[in-house]
Amino acid sequence: MPRDLLHTEYHEQSSPLIEMKRKIGTLPIVAFGSASGTASRFARTFASYIGTVPVQLNMISLATLQKRITLIIFCSTFGDGEFPSNAQKFVQMLRETKETFPDLKYAICALGSRDYQKFCYCGHYLDKLLTQKGAKRFMSMAELDSSSPDRGECKFEAWSPDCITKLGLKMPDLGVQVQYHFTITK
């Protein structure tokens, strides 16, 4: 739609990249804190389901939390209840701020190993911190156990569609192709 600017005509620009940026600006923030890459992998998978891209937790500012209304966090715990380095700045910022986030809805997918005493500690700590700052959890936390045989994949596969539905979004159609090969011997 042309707009007159004195003697100049302006036509709003559009391209696939601009459209993607507009769409991402309205979607939930999908963020991760990952020490070994597992949380970032789950975050990338989840983000692809809803058509966005994940960011490191440290990339999120207070202004972003005030502007956006939904945050999905994937955060691992390593060592003795330690946050990954790409989440530490975010946690410190939340701890130190006096701001509250009453309009922010969030969900957390916590990763850890039941082999350690502080299983999924970082996810639980973030949950407590966000609640203290006035944010509202819109669904229960998923706890993915890296010491389980499937490394938490089944819980992720159950949690993701529930989360996406609660966001009012549509889960993409995912197909699984299984091929069986049998050898019959007499």
# chains A, B, ... in the order shown; residues from 1 in each chain; ligands from 1
$ closest_atom_pairs --of "segment 24-121 of chain A" --to "segment 161-173 of chain A" --cutoff "9 Å" --atoms "only C-alpha atoms" --output "Markdown table"
| residue | atom | partner | partner_atom | distance |
| --- | --- | --- | --- | --- |
| A:Pro28 | CA | A:Leu167 | CA | 8.5 |
| A:Phe46 | CA | A:Ile164 | CA | 8.9 |
| A:Tyr49 | CA | A:Pro172 | CA | 6.1 |
| A:Ile50 | CA | A:Met171 | CA | 7.2 |
| A:Thr70 | CA | A:Leu167 | CA | 8.6 |
| A:Ala107 | CA | A:Cys163 | CA | 7.8 |
$ select_by_dssp --residues "segment 60-114 of chain A" --states "helix (DSSP H, G or I)" --output "list in words"
Leu62, Ala63, Thr64, Leu65, Gln66, Lys67, Ser85, Asn86, Ala87, Gln88, Lys89, Phe90, Val91, Gln92, Met93, Leu94, Arg95 and Glu96 of chain A
$ closest_residue --among "A:Gln56, A:Thr131, A:Thr45, A:Ser140" --to "Ile108 of chain A" --atoms "only C-alpha atoms"
A:Ser140
